Every structure is written in C-alpha cells, then in structure tokens.
>>> print(open('model_21.txt').read())   # compact mmCIF, C-alpha atoms
# COMPACT_ATOMS: atom_id res chain seq x y z
CA SER Q 1 1.42 -18.39 -8.56
CA LEU Q 2 1.02 -15.64 -6.01
CA ALA Q 3 4.04 -13.86 -7.45
CA MET Q 4 1.94 -13.00 -10.49
CA ILE Q 5 -1.57 -12.77 -9.02
CA SER Q 6 -1.90 -9.06 -8.50
CA SER Q 7 -0.98 -6.34 -10.96
CA ALA Q 8 -1.28 -3.90 -8.07
CA PHE Q 9 1.57 -4.88 -5.76
CA PHE Q 10 3.24 -8.06 -7.04
CA LEU Q 11 6.01 -7.81 -9.63
CA PRO Q 12 6.62 -7.83 -12.53
CA ALA Q 13 3.39 -6.04 -13.49
CA THR Q 14 3.17 -4.93 -10.20
CA THR Q 15 -7.02 0.39 2.50
CA LEU Q 16 -7.48 -2.91 3.63
CA THR Q 17 -11.03 -2.94 3.03
CA LYS Q 18 -13.74 -4.62 1.23
CA PRO Q 19 -14.49 -1.99 -1.39
CA ALA Q 20 -16.97 0.54 -0.01
CA SER Q 21 -16.61 -0.27 3.73
CA ALA Q 22 -15.36 2.63 5.79
CA GLU Q 23 -14.52 0.52 8.83
CA GLU Q 24 -12.63 -2.08 6.84
CA ALA Q 25 -10.94 0.65 4.84
CA SER Q 26 -9.26 1.60 8.07
CA THR Q 27 -5.91 0.05 8.13
CA ALA Q 28 -1.79 -0.21 10.88
CA PRO Q 29 2.90 0.23 13.06
CA GLU Q 30 6.26 1.68 13.20
CA PRO Q 31 8.82 2.28 10.45
CA ALA Q 32 12.48 1.42 10.34
CA ALA Q 33 13.47 5.05 9.88
CA ALA Q 34 12.14 7.85 12.04
CA PRO Q 35 8.99 9.20 10.34
CA ARG Q 36 7.88 12.75 10.05
CA SER Q 37 4.41 14.24 10.01
CA ALA Q 38 3.19 15.76 6.78
CA SER Q 39 5.04 19.01 6.14
CA LYS Q 40 3.23 22.33 5.94
CA SER Q 41 3.41 22.21 2.14
CA ASP Q 42 1.48 18.94 2.22
CA ARG Q 43 -1.36 20.34 4.31
CA TYR Q 44 -4.77 21.48 3.14
CA ASP Q 45 -4.41 24.90 4.75
CA ALA Q 46 -1.44 25.86 2.55
CA LEU Q 47 -3.09 25.57 -0.87
CA SER Q 48 -3.30 28.21 -3.58
CA ASP Q 49 -6.66 29.02 -5.15
CA GLN Q 50 -5.75 26.97 -8.22
CA GLU Q 51 -4.79 24.01 -6.05
CA LYS Q 52 -8.06 24.29 -4.16
CA THR Q 53 -9.92 24.08 -7.47
CA ILE Q 54 -7.96 20.99 -8.49
CA LEU Q 55 -8.56 19.47 -5.05
CA ALA Q 56 -12.32 20.02 -5.25
CA ASN Q 57 -12.44 18.28 -8.64
CA ASN Q 58 -10.30 15.39 -7.37
CA GLN Q 59 -12.52 14.95 -4.34
CA ARG Q 60 -15.60 14.72 -6.58
CA ILE Q 61 -13.91 11.99 -8.61
CA ALA Q 62 -12.80 10.13 -5.47
CA SER Q 63 -16.33 10.30 -4.09
CA PHE Q 64 -17.71 8.92 -7.37
CA ASN Q 65 -15.18 6.07 -7.10
CA ASN Q 66 -16.29 5.28 -3.52
CA ALA Q 67 -12.85 6.04 -2.11
CA PRO Q 68 -12.64 5.15 1.60
CA PRO Q 69 -12.62 7.82 4.34
CA ASP Q 70 -9.28 9.48 5.09
CA PHE Q 71 -8.12 8.85 1.52
CA PRO Q 72 -5.17 11.08 0.53
CA ALA Q 73 -5.52 13.66 -2.24
CA PHE Q 74 -3.08 13.99 -5.12
CA LEU Q 75 -2.67 17.38 -6.77
CA ARG Q 76 -1.00 16.70 -10.11
CA GLU Q 77 0.26 19.60 -12.21
CA GLY Q 78 2.37 18.26 -15.07
CA TYR Q 79 5.06 16.05 -13.59
CA GLU Q 80 4.72 17.60 -10.15
CA VAL Q 81 2.50 15.92 -7.57
CA LYS Q 82 1.60 17.17 -4.12
CA VAL Q 83 0.23 14.57 -1.70
CA LEU Q 84 -2.29 15.85 0.82
CA THR Q 85 -2.94 13.73 3.89
CA ARG Q 86 -5.04 14.09 7.02
CA PRO Q 87 -3.49 14.04 10.52
CA GLY Q 88 -1.96 10.72 11.51
CA PHE Q 89 -0.06 10.01 8.30
CA VAL Q 90 3.74 9.98 8.45
CA GLU Q 91 6.46 9.86 5.81
CA ASP Q 92 9.75 8.02 6.21
CA GLU Q 93 13.10 8.89 4.65
CA SER Q 94 12.37 6.83 1.54
CA GLY Q 95 9.25 8.86 0.74
CA LEU Q 96 6.85 6.09 1.79
CA ILE Q 97 3.74 7.51 3.47
CA TYR Q 98 1.52 5.50 5.79
CA LYS Q 99 -0.95 5.60 8.63
CA ASP Q 100 -1.49 2.89 11.23
CA TYR Q 101 -5.10 2.32 12.24
CA GLU Q 102 -4.29 -0.73 14.38
CA VAL Q 103 -0.76 -1.67 15.45
CA GLY Q 104 -1.30 -5.38 16.05
CA SER Q 105 0.89 -7.44 18.35
CA GLY Q 106 3.89 -9.72 18.28
CA LEU Q 107 6.99 -9.44 16.11
CA TYR Q 108 7.64 -7.72 12.80
CA PRO Q 109 8.16 -10.04 9.82
CA GLU Q 110 11.74 -10.85 8.85
CA GLU Q 111 13.57 -11.63 5.64
CA GLY Q 112 12.55 -15.01 4.23
CA GLN Q 113 9.38 -15.32 6.28
CA GLN Q 114 5.98 -15.64 4.67
CA VAL Q 115 3.31 -13.00 5.27
CA ARG Q 116 -0.42 -13.57 4.82
CA PHE Q 117 -2.62 -10.51 4.44
CA HIS Q 118 -5.75 -8.92 3.08
CA TYR Q 119 -5.45 -5.80 0.97
CA THR Q 120 -7.33 -3.38 -1.22
CA ALA Q 121 -5.36 -1.36 -3.78
CA TYR Q 122 -6.41 2.03 -5.15
CA ASN Q 123 -5.18 4.42 -7.80
CA GLU Q 124 -4.77 8.17 -7.25
CA ASN Q 125 -8.46 8.76 -8.00
CA GLY Q 126 -9.60 6.40 -5.27
CA ALA Q 127 -10.77 3.70 -7.68
CA THR Q 128 -10.19 0.12 -6.55
CA ILE Q 129 -7.52 -1.63 -8.63
CA ASP Q 130 -7.53 -4.98 -6.91
CA SER Q 131 -8.62 -6.61 -3.66
CA THR Q 132 -8.25 -9.95 -1.92
CA PHE Q 133 -11.89 -9.63 -0.93
CA ARG Q 134 -12.79 -9.82 -4.62
CA GLN Q 135 -10.52 -12.84 -4.97
CA GLY Q 136 -12.19 -14.50 -1.99
CA LYS Q 137 -9.02 -15.28 -0.03
CA PRO Q 138 -6.01 -13.51 1.51
CA ALA Q 139 -2.71 -13.17 -0.32
CA GLN Q 140 0.58 -14.59 0.88
CA THR Q 141 4.20 -14.33 -0.21
CA GLN Q 142 7.74 -14.45 1.12
CA LEU Q 143 9.69 -11.34 2.02
CA GLY Q 144 12.99 -10.70 0.32
CA ILE Q 145 12.46 -12.66 -2.89
CA GLY Q 146 11.67 -9.63 -5.07
CA GLY Q 147 8.07 -10.65 -5.62
CA MET Q 148 6.43 -7.40 -4.52
CA ILE Q 149 6.88 -3.79 -5.50
CA PRO Q 150 9.44 -2.18 -3.16
CA GLY Q 151 7.08 0.29 -1.45
CA PHE Q 152 4.47 -2.32 -0.64
CA GLU Q 153 7.03 -4.68 0.87
CA MET Q 154 8.63 -1.84 2.85
CA GLY Q 155 5.23 -0.96 4.26
CA ILE Q 156 4.28 -4.48 5.27
CA ARG Q 157 7.68 -5.08 6.92
CA GLY Q 158 6.71 -2.45 9.50
CA MET Q 159 3.52 -4.25 10.52
CA LYS Q 160 2.69 -6.79 13.21
CA PRO Q 161 0.02 -9.51 12.99
CA GLY Q 162 -3.41 -7.98 13.47
CA GLY Q 163 -2.14 -4.59 12.29
CA LYS Q 164 -4.05 -2.45 9.81
CA ARG Q 165 -2.17 0.14 7.77
CA ARG Q 166 -2.77 2.45 4.82
CA ILE Q 167 0.33 2.63 2.63
CA VAL Q 168 0.88 5.38 0.05
CA VAL Q 169 3.55 4.20 -2.39
CA PRO Q 170 5.36 6.92 -4.39
CA PRO Q 171 6.30 6.25 -8.03
CA ASP Q 172 9.99 5.74 -7.18
CA LEU Q 173 9.01 2.81 -4.94
CA GLY Q 174 6.32 1.52 -7.26
CA PRO Q 175 6.12 -1.00 -10.10
CA PRO Q 176 7.88 -0.72 -13.47
CA VAL Q 177 6.04 1.19 -16.18
CA GLY Q 178 5.99 1.15 -19.95
CA PRO Q 179 5.28 -1.35 -22.74
CA GLY Q 180 4.76 -4.88 -21.48
CA THR Q 181 3.74 -3.79 -17.97
CA PHE Q 182 0.40 -3.13 -16.30
CA PHE Q 183 1.16 0.59 -15.84
CA SER Q 184 1.66 3.15 -18.61
CA ALA Q 185 2.74 6.04 -16.36
CA LYS Q 186 4.28 6.54 -12.96
CA GLN Q 187 1.61 7.19 -10.34
CA TYR Q 188 1.10 6.87 -6.62
CA GLU Q 189 -0.65 3.77 -5.37
CA VAL Q 190 -2.59 3.43 -2.12
CA PHE Q 191 -2.99 0.15 -0.25
CA ASP Q 192 -5.12 -0.72 2.74
CA VAL Q 193 -3.50 -3.76 4.34
CA GLU Q 194 -4.32 -6.07 7.24
CA LEU Q 195 -1.48 -8.40 8.22
CA LEU Q 196 -3.05 -11.68 9.26
CA ALA Q 197 -0.08 -13.92 10.02
CA ILE Q 198 3.68 -14.44 9.75
CA THR Q 199 5.10 -17.92 9.22
CA ASN Q 200 8.58 -19.39 8.88
CA CYS Q 201 9.91 -20.96 5.69
CA GLU Q 202 12.75 -23.40 5.07
CA ARG Q 203 14.34 -25.20 2.16
CA LYS Q 204 13.64 -28.93 2.08
CA GLY Q 205 15.12 -31.61 -0.16
CA PHE Q 206 18.45 -31.67 -1.93
CA ALA Q 207 20.01 -30.04 -5.00
CA MET Q 208 17.64 -29.91 -8.00
CA VAL Q 209 14.70 -31.37 -6.07
CA SER Q 210 14.83 -28.95 -3.16
CA LYS Q 211 12.10 -26.36 -2.57
CA ILE Q 212 11.04 -23.71 -0.09
CA VAL Q 213 8.27 -24.88 2.24
CA CYS Q 214 6.44 -22.44 4.51
CA GLU Q 215 4.39 -23.25 7.60
CA GLU Q 216 0.62 -23.16 7.20
>>> encode(input="model_21.txt", output="structure tokens")
Amino acid sequence: SLAMISSAFFLPATTLTKPASAEEASTAPEPAAAPRSASKSDRYDALSDQEKTILANNQRIASFNNAPPDFPAFLREGYEVKVLTRPGFVEDESGLIYKDYEVGSGLYPEEGQQVRFHYTAYNENGATIDSTFRQGKPAQTQLGIGGMIPGFEMGIRGMKPGGKRRIVVPPDLGPPVGPGTFFSAKQYEVFDVELLAITNCERKGFAMVSKIVCEE
C-alpha cells in the first residue's frame, strides 16, 4: 500500500535525486499564495558569530552526509530554528519553503487526481531518509485523501509534469511525532521531487464492491 510505504512523507508515520547526484538533486513551479524571498534574518550575511560557528559545524555534518548542492542550513538553538537558504528559494504564507529547478509543463494536479513522482527525502543534517531510487520505482498516490503529510502535498500541488522542486517542510506542516510514530521530535524535512505524471481517477462498481480506479 503506497499510503504506508514511506515514513518520510506518507502518513501516518509520515531533492529529487538519486542520493549523491548533484544534477538529480536539483528539483521545480508556482504556489497558490504569493511567495516571498527569504527575509534578511534568514540570510547568511545576517548571522551572529555564534550562529556562524553553529553553521560551520552543520555544514561539516551535511558534507559528511553527502547532502546535495544548494541544501538549506538549519540553525537550531533550543526550540528556535532559523532556516538559511540560497537565492531562489521562496516561502509562502503557510511557512512552506521551496525552490523550482524546472517548472515543467501542462496543468497543476487537482483534488482526487493521482500523482506519480520520484523523490529523495532528507533530514535537517542532509542525511537521506528515503528515496524512490532506492525502492527502484516512482511513488504514486491520490491528492486529497489524507495520505501524505500536509507540507509535502502542498508542495506537489504547485508542480506541473516534468517539474523539479525542492520542498522544505516546517514542523507545523510535517508528520505527527511521539510514541507510535516514525519521528520522536518535530524537525524540518527536505524533499527533492520530480513530478512525472498526473492521471484521473474515478469510482467504479456499486455500493460495497465499488473502488477507486486511476488511469495508468
């Protein structure tokens, strides 16, 4: 069941790149709400000396984990986290951060349609959590059925087929945490996603024997 395959973005336990490929790590379009560029407080040139020290240590860890180029940095001090991004990243009103590397073409996916995509998921340290390349095939799921974490679904709804996008999901839009879940603490997650295709779905059959069937 694809609804349970990935602990990274599918619920309940729950950039596009083959791990370690810079070109494939590049990921893609336009949000529903007007985005903003990273604010001055989110920029590298506005850091205190202590933050620069934390950043240098984080970058060493990310490098050790083979994080892809252009990977955001997370400065965590207690419960406060500052997200540092390079030019090209935008943040929408929900707090979702993303960068489009390729916009793709065609229409955006709609409620009830099925999306097929490749992805690589990372934690704040740039370590790969999960990847369809490791699984050997793309993932697919319907929009609007509550099968994905909110931030991931919001990010993929703004993509067109052929698009490549890096999505930075804040904790408030992430998966549940605590006992019985994959995550023990609220953290940011980063996804590199390539949207491969959008297909229509419809209910077939009657009453108890009906089911949703999506185009191949």
>>> closest_residue(input="model_21.txt", among="Q:Arg203, Q:Lys137, Q:Lys160, Q:Lys211", to="Tyr108 of chain Q", atoms="all atoms listed in the file")
Q:Lys160
>>> closest_residue(input="model_21.txt", among="Q:Leu47, Q:Val168, Q:Ile54, Q:Ile129", to="Tyr98 of chain Q", atoms="all atoms listed in the file")
Q:Val168
>>> atom_distance(input="model_21.txt", atom1="atom CA of Thr141 of chain Q", atom2="atom CA of Leu195 of chain Q")
11.8 Å
>>> closest_residue(input="model_21.txt", among="Q:Ile145, Q:Val103, Q:Val83, Q:Leu173", to="Met159 of chain Q", atoms="all atoms listed in the file")
Q:Val103
>>> atom_distance(input="model_21.txt", atom1="atom CA of Gly136 of chain Q", atom2="atom CA of Gln113 of chain Q")
23.1 Å
>>> residues_around(input="model_21.txt", residues="segment 55-67 of chain Q", least_positions_apart="2", cutoff="7 Å", atoms="only C-alpha atoms", output="number ranges by chain")
Q: 20, 51-53, 69, 71, 75, 125-127
>>> residues_around(input="model_21.txt", residues="Gln140 of chain Q", least_positions_apart="3", cutoff="9 Å", atoms="all atoms listed in the file", output="MDAnalysis selection string")
chainID Q and resid 2 114:118
>>> atom_distance(input="model_21.txt", atom1="atom CA of Pro175 of chain Q", atom2="atom CA of Cys214 of chain Q")
25.9 Å
>>> closest_residue(input="model_21.txt", among="Q:Tyr188, Q:Tyr119, Q:Phe133, Q:Tyr101", to="Ala73 of chain Q", atoms="only C-alpha atoms")
Q:Tyr188
>>> closest_residue(input="model_21.txt", among="Q:Thr128, Q:Gln187, Q:Gln50, Q:Ser94", to="Met154 of chain Q", atoms="only C-alpha atoms")
Q:Ser94
>>> closest_residue(input="model_21.txt", among="Q:Asp92, Q:Glu216, Q:Glu110, Q:Asp100", to="Val169 of chain Q", atoms="all atoms listed in the file")
Q:Asp92
